[in-house]
Amino acid sequence: MSEAKRKVEWCLRKAEEELKKGTKHRGLVLKEQNLSEARKHIQKAEHNLKAIEYFSNGGFSDWSMSAVFYCIYHCFLAINMKFGYESRNQECTIALVKHLKEENKINLDDRFIDALEIYDESERHETNVIEKREYYTYGTTVSADNKEEIEASIVLCKDCIAQTKNIVFQDN
């Protein structure tokens with residue numbers, strides 16, 4: 001069994017246990033496919049895409065990396081909804097997308113998963129969106145002045161949105 005599949009099963013059990021206790025779940029819940037909610041997540045991703053440039057042009061480029069993260073993350077939430085999953089946990093959301101890809105249920109470039117996947121400290125990559133988001137969000141740097149980095153992030157997000165739309169709206 002793959003690590004992603006194990007994580008998805010753990011996320012489903014976690015949510016089930018939390019719901020039995022009457023608390024808000026922080027995992028995955030299998031529900032009916034919801035293309036309306038998936039569409040809203042895509043719209044939110046597109047909104048975050050616009051925010052990347054808006055922040056950069058407005059002198060708040062450090063916030064651009066958070067917008068990149070959430071652009072891709074909302075694409076993943078849209079994919080989750082296409083397959084009938086509600087997620088309230090970033091790691092569970094990413095694990096489900098990775099599992100769907102492993103099962104050949106979706107065709108999504110690995111670079112989007114790699115951008116959001118959490119690595120052990122020894123495996124961290126400077127190009128990882130999580131690494132950049134943490135650096136700019138929790139650090140004291142107030143500017144991400146690297147225009148090439150911003151442009152590459154915009155392309156990454158546009159590509160992710162396009163692939164997400166293909167996944168969500170195929171066969172519908």
# chains A, B, ... in the order shown; residues from 1 in each chain; ligands from 1
$ residues_around --residues "segment 103-110 of chain A" --least-positions-apart "2" --cutoff "10 Å" --atoms "only C-alpha atoms" --output "VMD selection string"
chain A and resid 5 79 83 97 to 101 112 to 115 159 to 160 163 to 164 166 to 168
$ select_by_dssp --residues "chain A" --states "alpha helix (DSSP H)" --output "number ranges by chain"
A: 3-20, 35-57, 64-82, 90-102, 110-116, 129-138, 147-169
$ residues_around --residues "Leu30 of chain A" --least-positions-apart "5" --cutoff "12 Å" --atoms "only C-alpha atoms" --output "list in words"
Val8, Glu9, Cys11, Leu12, Arg13, Ala15, Glu16, Asn80, Met81, Lys82, Phe83, Gly84, Tyr85, Glu86, Ser87 and Leu96 of chain A
$ residues_around --residues "Lys147 of chain A" --least-positions-apart "3" --cutoff "12 Å" --atoms "only C-alpha atoms" --output "PyMOL selection string"
chain A and resi 52-53+56-57+61-62+64+143-144+150-154
$ atom_distance --atom1 "atom CA of Arg39 of chain A" --atom2 "atom CA of Phe69 of chain A"
18.2 Å
$ closest_residue --among "A:Met65, A:Ala95, A:Ala78, A:Ala45" --to "Lys158 of chain A" --atoms "only C-alpha atoms"
A:Ala45
$ residues_around --residues "His25 of chain A" --least-positions-apart "3" --cutoff "7 Å" --atoms "only C-alpha atoms" --output "PyMOL selection string"
chain A and resi 15+18-19+88
$ write_last_selection --atoms "C-alpha atoms" --output "CSV table (one decimal), in the first residue's frame"
chain,number,residue,atom,x,y,z
A,15,ALA,CA,-12.7,12.4,10.4
A,18,GLU,CA,-14.2,13.2,15.2
A,19,LEU,CA,-17.7,13.3,13.8
A,88,ARG,CA,-10.4,20.1,6.3
$ decode --residues "segment 12-166 of chain A" --atoms "C-alpha atoms" --output "compact mmCIF listing (two decimals), in the first residue's frame"
# COMPACT_ATOMS: atom_id res chain seq x y z
CA LEU A 12 -10.98 9.11 6.61
CA ARG A 13 -10.76 7.32 10.00
CA LYS A 14 -9.74 10.55 11.75
CA ALA A 15 -12.74 12.44 10.39
CA GLU A 16 -15.11 9.56 11.21
CA GLU A 17 -13.90 9.46 14.83
CA GLU A 18 -14.17 13.23 15.19
CA LEU A 19 -17.69 13.27 13.79
CA LYS A 20 -18.74 10.45 16.16
CA LYS A 21 -17.55 12.65 19.05
CA GLY A 22 -19.70 15.48 17.70
CA THR A 23 -16.75 17.69 16.80
CA LYS A 24 -15.79 19.33 13.53
CA HIS A 25 -13.68 16.93 11.51
CA ARG A 26 -10.10 17.69 10.48
CA GLY A 27 -9.67 14.95 7.92
CA LEU A 28 -11.51 13.59 4.87
CA VAL A 29 -15.18 12.72 4.54
CA LEU A 30 -16.57 10.86 1.53
CA LYS A 31 -19.69 12.59 0.23
CA GLU A 32 -21.42 12.96 -3.09
CA GLN A 33 -19.59 14.58 -5.97
CA ASN A 34 -20.21 18.34 -5.85
CA LEU A 35 -19.28 20.09 -9.09
CA SER A 36 -20.82 23.35 -7.90
CA GLU A 37 -18.42 23.49 -4.95
CA ALA A 38 -15.57 22.34 -7.19
CA ARG A 39 -16.32 25.27 -9.52
CA LYS A 40 -16.23 27.65 -6.53
CA HIS A 41 -12.81 26.33 -5.53
CA ILE A 42 -11.58 26.95 -9.09
CA GLN A 43 -12.94 30.49 -8.90
CA LYS A 44 -11.10 30.96 -5.61
CA ALA A 45 -7.91 29.64 -7.25
CA GLU A 46 -8.35 32.17 -10.07
CA HIS A 47 -8.90 34.90 -7.47
CA ASN A 48 -5.65 33.91 -5.73
CA LEU A 49 -3.87 33.93 -9.11
CA LYS A 50 -4.89 37.57 -9.57
CA ALA A 51 -3.71 38.31 -6.04
CA ILE A 52 -0.16 37.16 -6.85
CA GLU A 53 0.32 39.97 -9.35
CA TYR A 54 -1.71 42.45 -7.29
CA PHE A 55 0.51 41.92 -4.26
CA SER A 56 3.66 42.08 -6.35
CA ASN A 57 2.67 45.30 -8.12
CA GLY A 58 1.44 46.88 -4.89
CA GLY A 59 4.67 46.46 -2.94
CA PHE A 60 3.52 43.40 -0.96
CA SER A 61 5.29 40.73 -2.98
CA ASP A 62 6.04 38.75 0.18
CA TRP A 63 2.31 37.89 0.22
CA SER A 64 2.50 36.56 -3.33
CA MET A 65 3.84 33.18 -2.14
CA SER A 66 0.84 32.70 0.15
CA ALA A 67 -1.41 33.42 -2.84
CA VAL A 68 0.54 30.86 -4.92
CA PHE A 69 0.08 28.23 -2.21
CA TYR A 70 -3.65 28.88 -1.90
CA CYS A 71 -4.16 29.00 -5.66
CA ILE A 72 -2.81 25.48 -6.02
CA TYR A 73 -4.47 24.32 -2.80
CA HIS A 74 -7.92 25.42 -4.00
CA CYS A 75 -7.29 23.52 -7.24
CA PHE A 76 -6.66 20.44 -5.10
CA LEU A 77 -9.87 21.09 -3.12
CA ALA A 78 -11.76 21.31 -6.43
CA ILE A 79 -10.36 17.92 -7.45
CA ASN A 80 -11.33 16.50 -4.06
CA MET A 81 -14.92 17.73 -4.56
CA LYS A 82 -15.04 16.21 -8.07
CA PHE A 83 -14.40 12.84 -6.46
CA GLY A 84 -16.81 13.45 -3.59
CA TYR A 85 -14.42 14.24 -0.74
CA GLU A 86 -14.65 17.05 1.77
CA SER A 87 -11.29 17.93 3.28
CA ARG A 88 -10.42 20.08 6.26
CA ASN A 89 -6.75 19.21 6.42
CA GLN A 90 -4.00 20.31 4.03
CA GLU A 91 -1.99 17.11 4.31
CA CYS A 92 -5.14 15.04 3.71
CA THR A 93 -6.05 17.14 0.67
CA ILE A 94 -2.60 16.68 -0.84
CA ALA A 95 -2.52 12.95 -0.01
CA LEU A 96 -5.86 12.41 -1.73
CA VAL A 97 -4.70 14.18 -4.90
CA LYS A 98 -1.51 12.14 -4.85
CA HIS A 99 -3.52 8.92 -4.33
CA LEU A 100 -5.94 9.77 -7.17
CA LYS A 101 -2.93 10.30 -9.43
CA GLU A 102 -1.37 6.98 -8.33
CA GLU A 103 -4.66 5.25 -9.13
CA ASN A 104 -4.67 6.90 -12.61
CA LYS A 105 -7.96 8.61 -11.82
CA ILE A 106 -6.49 12.02 -12.62
CA ASN A 107 -3.85 13.34 -14.98
CA LEU A 108 -2.00 16.04 -13.06
CA ASP A 109 1.63 17.10 -13.36
CA ASP A 110 3.77 16.06 -10.41
CA ARG A 111 5.14 19.61 -10.15
CA PHE A 112 1.90 20.78 -8.51
CA ILE A 113 2.02 18.05 -5.89
CA ASP A 114 5.74 18.63 -5.39
CA ALA A 115 5.06 22.34 -4.89
CA LEU A 116 2.77 21.70 -1.91
CA GLU A 117 4.09 18.48 -0.45
CA ILE A 118 5.70 18.76 2.96
CA TYR A 119 9.18 17.31 3.12
CA ASP A 120 11.36 16.29 6.01
CA GLU A 121 13.89 19.00 6.84
CA SER A 122 16.62 16.97 5.12
CA GLU A 123 14.57 16.83 1.89
CA ARG A 124 13.38 20.44 1.70
CA HIS A 125 13.77 22.19 -1.62
CA GLU A 126 14.14 25.92 -2.17
CA THR A 127 11.66 25.71 -5.05
CA ASN A 128 8.91 24.23 -2.89
CA VAL A 129 5.98 26.63 -2.53
CA ILE A 130 5.50 25.65 1.12
CA GLU A 131 9.12 26.53 1.84
CA LYS A 132 8.73 29.92 0.13
CA ARG A 133 5.40 30.64 1.80
CA GLU A 134 6.85 29.87 5.23
CA TYR A 135 9.93 31.99 4.52
CA TYR A 136 7.89 35.05 3.52
CA THR A 137 5.02 34.57 5.97
CA TYR A 138 6.95 33.77 9.13
CA GLY A 139 10.21 35.53 8.33
CA THR A 140 10.98 39.23 8.39
CA THR A 141 11.55 39.68 4.65
CA VAL A 142 8.96 42.12 3.32
CA SER A 143 9.64 41.77 -0.38
CA ALA A 144 10.02 38.97 -2.90
CA ASP A 145 11.69 41.20 -5.47
CA ASN A 146 12.59 38.37 -7.81
CA LYS A 147 10.31 39.12 -10.79
CA GLU A 148 11.30 35.85 -12.47
CA GLU A 149 10.16 33.93 -9.39
CA ILE A 150 6.80 35.73 -9.42
CA GLU A 151 6.38 35.11 -13.16
CA ALA A 152 7.28 31.42 -12.78
CA SER A 153 4.73 31.14 -9.96
CA ILE A 154 2.05 32.73 -12.14
CA VAL A 155 2.75 30.23 -14.92
CA LEU A 156 2.66 27.38 -12.38
CA CYS A 157 -0.73 28.53 -11.11
CA LYS A 158 -2.18 29.05 -14.60
CA ASP A 159 -1.08 25.56 -15.59
CA CYS A 160 -2.53 24.06 -12.40
CA ILE A 161 -5.87 25.81 -12.93
CA ALA A 162 -6.03 24.61 -16.55
CA GLN A 163 -5.28 21.00 -15.60
CA THR A 164 -7.75 21.19 -12.70
CA LYS A 165 -10.53 22.39 -15.04
CA ASN A 166 -9.79 19.45 -17.36
